[in-house]
file entry_39.cif (mmCIF, N, CA and C atoms)
data_entry
loop_
_atom_site.label_atom_id
_atom_site.label_comp_id
_atom_site.auth_asym_id
_atom_site.auth_seq_id
_atom_site.Cartn_x
_atom_site.Cartn_y
_atom_site.Cartn_z
N MET A 1 -67.62 -194.45 112.70
CA MET A 1 -66.49 -194.12 111.87
C MET A 1 -65.33 -195.09 112.11
N LEU A 2 -64.95 -195.29 113.38
CA LEU A 2 -63.84 -196.20 113.66
C LEU A 2 -64.15 -197.61 113.19
N GLU A 3 -65.42 -197.98 113.31
CA GLU A 3 -65.83 -199.32 112.85
C GLU A 3 -65.61 -199.45 111.34
N ASN A 4 -65.95 -198.41 110.60
CA ASN A 4 -65.77 -198.43 109.14
C ASN A 4 -64.29 -198.44 108.77
N ILE A 5 -63.50 -197.69 109.51
CA ILE A 5 -62.05 -197.70 109.27
C ILE A 5 -61.51 -199.10 109.51
N GLN A 6 -61.94 -199.72 110.59
CA GLN A 6 -61.47 -201.07 110.91
C GLN A 6 -61.88 -202.08 109.83
N LYS A 7 -63.07 -201.91 109.27
CA LYS A 7 -63.52 -202.81 108.20
C LYS A 7 -62.59 -202.72 106.99
N ILE A 8 -62.25 -201.49 106.61
CA ILE A 8 -61.36 -201.29 105.46
C ILE A 8 -59.99 -201.89 105.74
N ILE A 9 -59.47 -201.63 106.91
CA ILE A 9 -58.15 -202.15 107.28
C ILE A 9 -58.16 -203.67 107.34
N SER A 10 -59.22 -204.23 107.90
CA SER A 10 -59.34 -205.70 107.96
C SER A 10 -59.41 -206.29 106.56
N TRP A 11 -60.18 -205.64 105.68
CA TRP A 11 -60.27 -206.12 104.30
C TRP A 11 -58.89 -206.10 103.66
N TYR A 12 -58.16 -205.00 103.84
CA TYR A 12 -56.84 -204.87 103.23
C TYR A 12 -55.88 -205.91 103.80
N ALA A 13 -55.96 -206.15 105.08
CA ALA A 13 -55.06 -207.12 105.72
C ALA A 13 -55.31 -208.54 105.21
N LEU A 14 -56.52 -208.83 104.76
CA LEU A 14 -56.85 -210.17 104.28
C LEU A 14 -56.44 -210.42 102.82
N GLN A 15 -56.02 -209.36 102.12
CA GLN A 15 -55.65 -209.53 100.72
C GLN A 15 -54.33 -210.29 100.62
N LYS A 16 -54.27 -211.13 99.60
CA LYS A 16 -53.05 -211.91 99.38
C LYS A 16 -51.93 -211.00 98.89
N ARG A 17 -50.74 -211.50 99.01
CA ARG A 17 -49.55 -210.73 98.65
C ARG A 17 -49.58 -210.27 97.18
N ASP A 18 -50.16 -211.08 96.31
CA ASP A 18 -50.18 -210.74 94.89
C ASP A 18 -51.48 -210.03 94.47
N PHE A 19 -52.20 -209.45 95.42
CA PHE A 19 -53.43 -208.72 95.15
C PHE A 19 -53.13 -207.60 94.16
N CYS A 20 -53.93 -207.52 93.07
CA CYS A 20 -53.63 -206.53 92.04
C CYS A 20 -54.86 -205.82 91.48
N ASP A 21 -55.95 -205.82 92.23
CA ASP A 21 -57.17 -205.14 91.77
C ASP A 21 -57.05 -203.65 92.13
N ILE A 22 -56.53 -202.86 91.19
CA ILE A 22 -56.30 -201.44 91.44
C ILE A 22 -57.62 -200.71 91.74
N GLY A 23 -58.66 -201.08 91.06
CA GLY A 23 -59.95 -200.43 91.28
C GLY A 23 -60.46 -200.61 92.71
N ALA A 24 -60.43 -201.85 93.18
CA ALA A 24 -60.89 -202.12 94.55
C ALA A 24 -59.99 -201.43 95.57
N LEU A 25 -58.70 -201.48 95.32
CA LEU A 25 -57.75 -200.86 96.24
C LEU A 25 -57.91 -199.33 96.26
N THR A 26 -58.10 -198.74 95.10
CA THR A 26 -58.30 -197.29 95.02
C THR A 26 -59.59 -196.89 95.74
N TYR A 27 -60.63 -197.65 95.54
CA TYR A 27 -61.90 -197.36 96.21
C TYR A 27 -61.73 -197.44 97.73
N ALA A 28 -61.04 -198.47 98.21
CA ALA A 28 -60.82 -198.62 99.65
C ALA A 28 -59.99 -197.46 100.18
N ARG A 29 -59.00 -197.04 99.41
CA ARG A 29 -58.16 -195.92 99.84
C ARG A 29 -58.97 -194.63 99.91
N VAL A 30 -59.82 -194.40 98.94
CA VAL A 30 -60.67 -193.20 98.95
C VAL A 30 -61.59 -193.22 100.18
N GLN A 31 -62.17 -194.37 100.45
CA GLN A 31 -63.04 -194.48 101.62
C GLN A 31 -62.26 -194.21 102.91
N LEU A 32 -61.08 -194.81 103.00
CA LEU A 32 -60.25 -194.64 104.19
C LEU A 32 -59.82 -193.18 104.35
N ALA A 33 -59.40 -192.56 103.26
CA ALA A 33 -58.98 -191.15 103.32
C ALA A 33 -60.12 -190.24 103.76
N THR A 34 -61.32 -190.53 103.28
CA THR A 34 -62.49 -189.73 103.66
C THR A 34 -62.78 -189.89 105.15
N LEU A 35 -62.73 -191.11 105.62
CA LEU A 35 -62.97 -191.36 107.05
C LEU A 35 -61.86 -190.73 107.91
N LEU A 36 -60.63 -190.76 107.40
CA LEU A 36 -59.53 -190.14 108.15
C LEU A 36 -59.69 -188.63 108.23
N SER A 37 -60.26 -188.04 107.22
CA SER A 37 -60.52 -186.61 107.25
C SER A 37 -61.51 -186.29 108.36
N GLU A 38 -62.53 -187.10 108.46
CA GLU A 38 -63.52 -186.94 109.53
C GLU A 38 -62.86 -187.16 110.90
N MET A 39 -62.01 -188.17 110.98
CA MET A 39 -61.34 -188.46 112.24
C MET A 39 -60.40 -187.33 112.64
N ALA A 40 -59.75 -186.70 111.66
CA ALA A 40 -58.86 -185.58 111.95
C ALA A 40 -59.63 -184.46 112.66
N GLY A 41 -60.84 -184.22 112.23
CA GLY A 41 -61.68 -183.22 112.90
C GLY A 41 -61.96 -183.59 114.34
N GLN A 42 -62.20 -184.87 114.57
CA GLN A 42 -62.45 -185.31 115.94
C GLN A 42 -61.18 -185.23 116.80
N VAL A 43 -60.03 -185.55 116.22
CA VAL A 43 -58.77 -185.44 116.94
C VAL A 43 -58.53 -183.98 117.31
N ALA A 44 -58.81 -183.07 116.40
CA ALA A 44 -58.65 -181.65 116.68
C ALA A 44 -59.58 -181.20 117.80
N GLN A 45 -60.78 -181.72 117.80
CA GLN A 45 -61.74 -181.39 118.85
C GLN A 45 -61.25 -181.93 120.20
N LEU A 46 -60.68 -183.12 120.20
CA LEU A 46 -60.14 -183.69 121.45
C LEU A 46 -58.95 -182.88 121.95
N TYR A 47 -58.14 -182.36 121.02
CA TYR A 47 -57.02 -181.53 121.43
C TYR A 47 -57.54 -180.25 122.09
N HIS A 48 -58.57 -179.66 121.50
CA HIS A 48 -59.17 -178.47 122.08
C HIS A 48 -59.71 -178.77 123.48
N GLN A 49 -60.37 -179.89 123.61
CA GLN A 49 -60.92 -180.31 124.91
C GLN A 49 -59.78 -180.49 125.93
N LYS A 50 -58.69 -181.10 125.49
CA LYS A 50 -57.53 -181.32 126.36
C LYS A 50 -56.97 -179.99 126.86
N THR A 51 -56.78 -179.04 125.95
CA THR A 51 -56.21 -177.75 126.36
C THR A 51 -57.19 -176.96 127.22
N ALA A 52 -58.48 -177.10 126.95
CA ALA A 52 -59.48 -176.40 127.76
C ALA A 52 -59.50 -176.93 129.20
N THR A 53 -59.40 -178.25 129.36
CA THR A 53 -59.40 -178.81 130.71
C THR A 53 -58.11 -178.43 131.45
N GLU A 54 -57.02 -178.33 130.71
CA GLU A 54 -55.77 -177.89 131.34
C GLU A 54 -55.90 -176.44 131.82
N PHE A 55 -56.46 -175.59 131.00
CA PHE A 55 -56.66 -174.19 131.38
C PHE A 55 -57.58 -174.10 132.60
N GLN A 56 -58.67 -174.85 132.60
CA GLN A 56 -59.61 -174.82 133.72
C GLN A 56 -58.94 -175.28 135.01
N ARG A 57 -58.13 -176.32 134.92
CA ARG A 57 -57.44 -176.82 136.11
C ARG A 57 -56.44 -175.80 136.63
N LYS A 58 -55.66 -175.21 135.73
CA LYS A 58 -54.67 -174.21 136.15
C LYS A 58 -55.35 -172.98 136.76
N SER A 59 -56.44 -172.57 136.18
CA SER A 59 -57.17 -171.42 136.69
C SER A 59 -57.74 -171.72 138.09
N ALA A 60 -58.35 -172.87 138.24
CA ALA A 60 -58.91 -173.26 139.55
C ALA A 60 -57.79 -173.42 140.58
N HIS A 61 -56.67 -173.96 140.17
CA HIS A 61 -55.54 -174.15 141.07
C HIS A 61 -54.99 -172.81 141.54
N ALA A 62 -54.83 -171.88 140.61
CA ALA A 62 -54.32 -170.55 140.96
C ALA A 62 -55.26 -169.85 141.93
N GLU A 63 -56.55 -169.96 141.70
CA GLU A 63 -57.54 -169.36 142.60
C GLU A 63 -57.49 -170.00 143.98
N ALA A 64 -57.33 -171.30 144.03
CA ALA A 64 -57.23 -172.00 145.32
C ALA A 64 -55.96 -171.61 146.06
N VAL A 65 -54.85 -171.43 145.33
CA VAL A 65 -53.60 -170.99 145.97
C VAL A 65 -53.79 -169.58 146.54
N ARG A 66 -54.41 -168.69 145.77
CA ARG A 66 -54.65 -167.32 146.25
C ARG A 66 -55.52 -167.33 147.50
N ALA A 67 -56.55 -168.15 147.49
CA ALA A 67 -57.44 -168.22 148.64
C ALA A 67 -56.69 -168.76 149.87
N ALA A 68 -55.87 -169.79 149.66
CA ALA A 68 -55.12 -170.38 150.78
C ALA A 68 -54.08 -169.40 151.30
N MET A 69 -53.47 -168.63 150.40
CA MET A 69 -52.46 -167.65 150.81
C MET A 69 -53.10 -166.51 151.61
N GLY A 70 -54.38 -166.31 151.41
CA GLY A 70 -55.09 -165.26 152.14
C GLY A 70 -55.24 -165.60 153.62
N VAL A 71 -55.13 -166.86 153.93
CA VAL A 71 -55.23 -167.28 155.33
C VAL A 71 -53.90 -166.94 156.01
N GLU A 72 -53.99 -166.35 157.17
CA GLU A 72 -52.78 -165.92 157.89
C GLU A 72 -51.81 -167.07 158.13
N LYS A 73 -50.55 -166.78 157.95
CA LYS A 73 -49.43 -167.68 158.24
C LYS A 73 -49.44 -168.95 157.37
N THR A 74 -50.00 -168.90 156.17
CA THR A 74 -49.96 -170.03 155.26
C THR A 74 -48.81 -169.80 154.28
N SER A 75 -47.89 -170.75 154.26
CA SER A 75 -46.75 -170.63 153.35
C SER A 75 -47.19 -170.95 151.92
N ALA A 76 -46.35 -170.56 150.97
CA ALA A 76 -46.65 -170.85 149.57
C ALA A 76 -46.72 -172.36 149.34
N ALA A 77 -45.82 -173.10 149.96
CA ALA A 77 -45.82 -174.56 149.81
C ALA A 77 -47.09 -175.17 150.38
N ALA A 78 -47.50 -174.69 151.54
CA ALA A 78 -48.72 -175.21 152.16
C ALA A 78 -49.94 -174.83 151.32
N ALA A 79 -49.94 -173.62 150.77
CA ALA A 79 -51.05 -173.18 149.92
C ALA A 79 -51.15 -174.05 148.68
N LYS A 80 -50.00 -174.44 148.11
CA LYS A 80 -49.99 -175.31 146.93
C LYS A 80 -50.58 -176.68 147.26
N VAL A 81 -50.22 -177.23 148.42
CA VAL A 81 -50.75 -178.53 148.84
C VAL A 81 -52.26 -178.45 149.02
N ILE A 82 -52.70 -177.38 149.65
CA ILE A 82 -54.14 -177.19 149.85
C ILE A 82 -54.85 -177.08 148.50
N ALA A 83 -54.28 -176.29 147.60
CA ALA A 83 -54.88 -176.09 146.27
C ALA A 83 -54.90 -177.40 145.48
N ASP A 84 -53.81 -178.17 145.56
CA ASP A 84 -53.77 -179.47 144.86
C ASP A 84 -54.93 -180.36 145.28
N SER A 85 -55.20 -180.39 146.58
CA SER A 85 -56.29 -181.25 147.06
C SER A 85 -57.65 -180.71 146.65
N GLU A 86 -57.76 -179.39 146.54
CA GLU A 86 -59.05 -178.79 146.18
C GLU A 86 -59.39 -178.96 144.70
N VAL A 87 -58.40 -179.11 143.85
CA VAL A 87 -58.67 -179.23 142.41
C VAL A 87 -58.40 -180.65 141.90
N LYS A 88 -58.48 -181.60 142.80
CA LYS A 88 -58.24 -183.01 142.43
C LYS A 88 -59.13 -183.45 141.27
N ASP A 89 -60.38 -183.09 141.29
CA ASP A 89 -61.29 -183.48 140.20
C ASP A 89 -60.87 -182.87 138.87
N ALA A 90 -60.38 -181.63 138.93
CA ALA A 90 -59.92 -180.97 137.71
C ALA A 90 -58.69 -181.68 137.15
N PHE A 91 -57.80 -182.14 138.04
CA PHE A 91 -56.63 -182.92 137.59
C PHE A 91 -57.09 -184.19 136.89
N GLU A 92 -58.09 -184.87 137.44
CA GLU A 92 -58.62 -186.10 136.83
C GLU A 92 -59.23 -185.84 135.47
N ARG A 93 -60.02 -184.78 135.35
CA ARG A 93 -60.63 -184.43 134.05
C ARG A 93 -59.55 -184.12 133.02
N GLU A 94 -58.53 -183.40 133.46
CA GLU A 94 -57.44 -183.08 132.54
C GLU A 94 -56.71 -184.34 132.09
N ALA A 95 -56.43 -185.24 133.02
CA ALA A 95 -55.74 -186.49 132.67
C ALA A 95 -56.58 -187.33 131.72
N GLU A 96 -57.89 -187.39 131.94
CA GLU A 96 -58.77 -188.15 131.06
C GLU A 96 -58.81 -187.54 129.66
N ALA A 97 -58.90 -186.21 129.59
CA ALA A 97 -58.93 -185.53 128.29
C ALA A 97 -57.61 -185.74 127.55
N ASP A 98 -56.50 -185.68 128.28
CA ASP A 98 -55.18 -185.89 127.69
C ASP A 98 -55.05 -187.32 127.15
N ALA A 99 -55.49 -188.29 127.94
CA ALA A 99 -55.42 -189.69 127.51
C ALA A 99 -56.30 -189.95 126.29
N GLU A 100 -57.48 -189.37 126.29
CA GLU A 100 -58.40 -189.56 125.16
C GLU A 100 -57.81 -188.96 123.88
N TYR A 101 -57.21 -187.77 124.00
CA TYR A 101 -56.58 -187.14 122.84
C TYR A 101 -55.43 -188.00 122.33
N HIS A 102 -54.55 -188.44 123.22
CA HIS A 102 -53.39 -189.22 122.78
C HIS A 102 -53.80 -190.56 122.17
N ARG A 103 -54.83 -191.18 122.71
CA ARG A 103 -55.34 -192.44 122.14
C ARG A 103 -55.82 -192.21 120.71
N ALA A 104 -56.61 -191.17 120.52
CA ALA A 104 -57.14 -190.86 119.19
C ALA A 104 -56.02 -190.50 118.22
N LYS A 105 -55.03 -189.75 118.69
CA LYS A 105 -53.90 -189.35 117.85
C LYS A 105 -53.08 -190.56 117.43
N LEU A 106 -52.86 -191.50 118.35
CA LEU A 106 -52.12 -192.72 118.00
C LEU A 106 -52.87 -193.54 116.95
N LEU A 107 -54.17 -193.68 117.13
CA LEU A 107 -54.98 -194.42 116.15
C LEU A 107 -54.95 -193.71 114.80
N TYR A 108 -55.13 -192.40 114.82
CA TYR A 108 -55.13 -191.63 113.58
C TYR A 108 -53.81 -191.80 112.83
N ASP A 109 -52.70 -191.67 113.55
CA ASP A 109 -51.39 -191.83 112.92
C ASP A 109 -51.20 -193.23 112.34
N SER A 110 -51.67 -194.22 113.08
CA SER A 110 -51.58 -195.60 112.61
C SER A 110 -52.41 -195.80 111.34
N TYR A 111 -53.61 -195.28 111.33
CA TYR A 111 -54.48 -195.41 110.16
C TYR A 111 -53.90 -194.65 108.96
N ARG A 112 -53.29 -193.49 109.21
CA ARG A 112 -52.64 -192.73 108.14
C ARG A 112 -51.50 -193.55 107.52
N ASN A 113 -50.77 -194.26 108.36
CA ASN A 113 -49.69 -195.12 107.85
C ASN A 113 -50.24 -196.19 106.93
N ILE A 114 -51.36 -196.77 107.28
CA ILE A 114 -51.97 -197.80 106.43
C ILE A 114 -52.44 -197.18 105.12
N CYS A 115 -52.99 -195.98 105.18
CA CYS A 115 -53.39 -195.29 103.95
C CYS A 115 -52.17 -195.02 103.07
N ASP A 116 -51.05 -194.66 103.69
CA ASP A 116 -49.81 -194.45 102.93
C ASP A 116 -49.34 -195.74 102.26
N VAL A 117 -49.48 -196.87 102.97
CA VAL A 117 -49.10 -198.17 102.40
C VAL A 117 -50.00 -198.48 101.20
N MET A 118 -51.29 -198.18 101.34
CA MET A 118 -52.21 -198.40 100.21
C MET A 118 -51.80 -197.52 99.02
N ASN A 119 -51.43 -196.27 99.29
CA ASN A 119 -50.98 -195.39 98.21
C ASN A 119 -49.77 -195.98 97.49
N GLN A 120 -48.83 -196.49 98.25
CA GLN A 120 -47.63 -197.08 97.66
C GLN A 120 -47.98 -198.34 96.87
N HIS A 121 -48.89 -199.13 97.40
CA HIS A 121 -49.33 -200.35 96.72
C HIS A 121 -49.96 -199.99 95.37
N ILE A 122 -50.82 -198.99 95.38
CA ILE A 122 -51.47 -198.55 94.14
C ILE A 122 -50.42 -198.06 93.15
N SER A 123 -49.47 -197.28 93.63
CA SER A 123 -48.42 -196.76 92.77
C SER A 123 -47.61 -197.90 92.15
N ASN A 124 -47.28 -198.89 92.93
CA ASN A 124 -46.53 -200.05 92.42
C ASN A 124 -47.33 -200.81 91.36
N LEU A 125 -48.63 -201.00 91.63
CA LEU A 125 -49.47 -201.70 90.67
C LEU A 125 -49.57 -200.92 89.34
N LYS A 126 -49.69 -199.61 89.45
CA LYS A 126 -49.75 -198.79 88.24
C LYS A 126 -48.44 -198.88 87.47
N GLY A 127 -47.32 -198.91 88.18
CA GLY A 127 -46.02 -199.05 87.53
C GLY A 127 -45.90 -200.38 86.82
N GLU A 128 -46.38 -201.43 87.45
CA GLU A 128 -46.36 -202.76 86.81
C GLU A 128 -47.24 -202.76 85.57
N ARG A 129 -48.39 -202.13 85.68
CA ARG A 129 -49.31 -202.09 84.54
C ARG A 129 -48.67 -201.34 83.37
N ARG A 130 -48.02 -200.20 83.65
CA ARG A 130 -47.34 -199.45 82.59
C ARG A 130 -46.24 -200.30 81.96
N GLY A 131 -45.52 -201.04 82.79
CA GLY A 131 -44.46 -201.92 82.28
C GLY A 131 -45.02 -202.99 81.38
N GLU A 132 -46.15 -203.55 81.74
CA GLU A 132 -46.76 -204.59 80.90
C GLU A 132 -47.25 -204.01 79.57
N TYR A 133 -47.79 -202.80 79.61
CA TYR A 133 -48.23 -202.17 78.37
C TYR A 133 -47.05 -201.86 77.46
N ALA A 134 -45.91 -201.62 78.06
CA ALA A 134 -44.70 -201.30 77.28
C ALA A 134 -43.95 -202.56 76.89
N GLY A 135 -44.49 -203.73 77.24
CA GLY A 135 -43.85 -204.99 76.89
C GLY A 135 -42.70 -205.38 77.82
N GLN A 136 -42.71 -204.81 79.04
CA GLN A 136 -41.64 -205.12 79.98
C GLN A 136 -42.14 -205.92 81.17
N GLY A 137 -43.40 -206.24 81.21
CA GLY A 137 -43.98 -206.91 82.39
C GLY A 137 -43.64 -208.38 82.45
N SER A 138 -44.04 -208.97 83.56
CA SER A 138 -43.77 -210.38 83.78
C SER A 138 -44.64 -211.28 82.91
N GLN A 139 -45.67 -210.71 82.29
CA GLN A 139 -46.56 -211.50 81.47
C GLN A 139 -46.06 -211.69 80.05
N THR A 140 -45.00 -211.01 79.67
CA THR A 140 -44.49 -211.11 78.30
C THR A 140 -43.53 -212.30 78.20
N THR A 141 -43.34 -212.76 76.98
CA THR A 141 -42.45 -213.89 76.77
C THR A 141 -41.14 -213.48 76.15
#

call {"tool": "encode", "arguments": {"input": "entry_39.cif", "output": "structure tokens"}}
result
Amino acid sequence: MLENIQKIISWYALQKRDFCDIGALTYARVQLATLLSEMAGQVAQLYHQKTATEFQRKSAHAEAVRAAMGVEKTSAAAAKVIADSEVKDAFEREAEADAEYHRAKLLYDSYRNICDVMNQHISNLKGERRGEYAGQGSQTT
């Protein structure tokens, strides 16, 4: 999917400033919008994964604090330090899930911006076409 999105974006980036093929541009936009819809589902799944790993880490940490507090003469601060070391792997999984979600969200937002630019480009081309049909375009004498 990301490869296909990149192909569309690369194609669009290579178009000259005076590119005016509305059909090709509309087709590319439709393809990009469809792929972005699929990507949105994946971003949502990554968000779910991120929140699930956070919940798992917090749950494991709370259990480790309770267990450490059960030991005689263990302060709350000491129990927290013990629990932090015991759930180190959970912290790493949570950080990885968070980073993966944010990476995907940044890419998605960037791709949406390009789709918005394509929408505006199409709108401008249609406006120029209407102007030419009305005898107001740059092609008239």

call {"tool": "resolve_selection", "arguments": {"input": "entry_39.cif", "expression": "the PyMOL selection byres (((chain A and resi 22 and name CA) around 10) and name CA)", "output": "list in words"}}
result
Phe19, Cys20, Asp21, Gly23, Ala24, Leu25, Thr26, Tyr27, Ala28, His121, Ile122, Ser123, Asn124, Leu125, Lys126 and Arg129 of chain A

call {"tool": "select_by_dssp", "arguments": {"input": "entry_39.cif", "residues": "stretch 2-140 of chain A", "states": "helix (DSSP H, G or I)", "output": "PyMOL selection string"}}
result
chain A and resi 2-14+22-69+76-86+88-133

call {"tool": "resolve_selection", "arguments": {"input": "entry_39.cif", "expression": "the PyMOL selection byres (((chain A and resi 90-96 and name CA) around 12) and name CA)", "output": "number ranges by chain"}}
result
A: 46-61, 83-89, 97-103

call {"tool": "atom_distance", "arguments": {"input": "entry_39.cif", "atom1": "atom CA of A:Ser110", "atom2": "atom N of A:Glu128"}}
result
26.3 Å

call {"tool": "axis_aligned_box", "arguments": {"input": "entry_39.cif", "around": "stretch 102-109 of chain A", "padding_each_side": "6 Å", "output": "JSON"}}
result
{"center_x": -54.2, "center_y": -191.4, "center_z": 117.8, "size_x": 17.9, "size_y": 18.0, "size_z": 22.9}

call {"tool": "closest_residue", "arguments": {"input": "entry_39.cif", "among": "A:Val65, A:Val117, A:Tyr111, A:Ala40", "to": "A:Ile5", "atoms": "all atoms listed in the file"}}
result
A:Tyr111

call {"tool": "closest_residue", "arguments": {"input": "entry_39.cif", "among": "A:Met1, A:Cys115, A:Ala79, A:Ala13", "to": "A:Met39", "atoms": "all atoms listed in the file"}}
result
A:Met1

call {"tool": "atom_distance", "arguments": {"input": "entry_39.cif", "atom1": "atom C of A:Gln31", "atom2": "atom CA of A:Gly127"}}
result
22.9 Å

call {"tool": "atom_distance", "arguments": {"input": "entry_39.cif", "atom1": "atom N of A:Glu132", "atom2": "atom C of A:Trp11"}}
result
25.5 Å

call {"tool": "closest_residue", "arguments": {"input": "entry_39.cif", "among": "A:Leu107, A:Ile8, A:Val43, A:Val71", "to": "A:Arg29", "atoms": "only C-alpha atoms"}}
result
A:Ile8
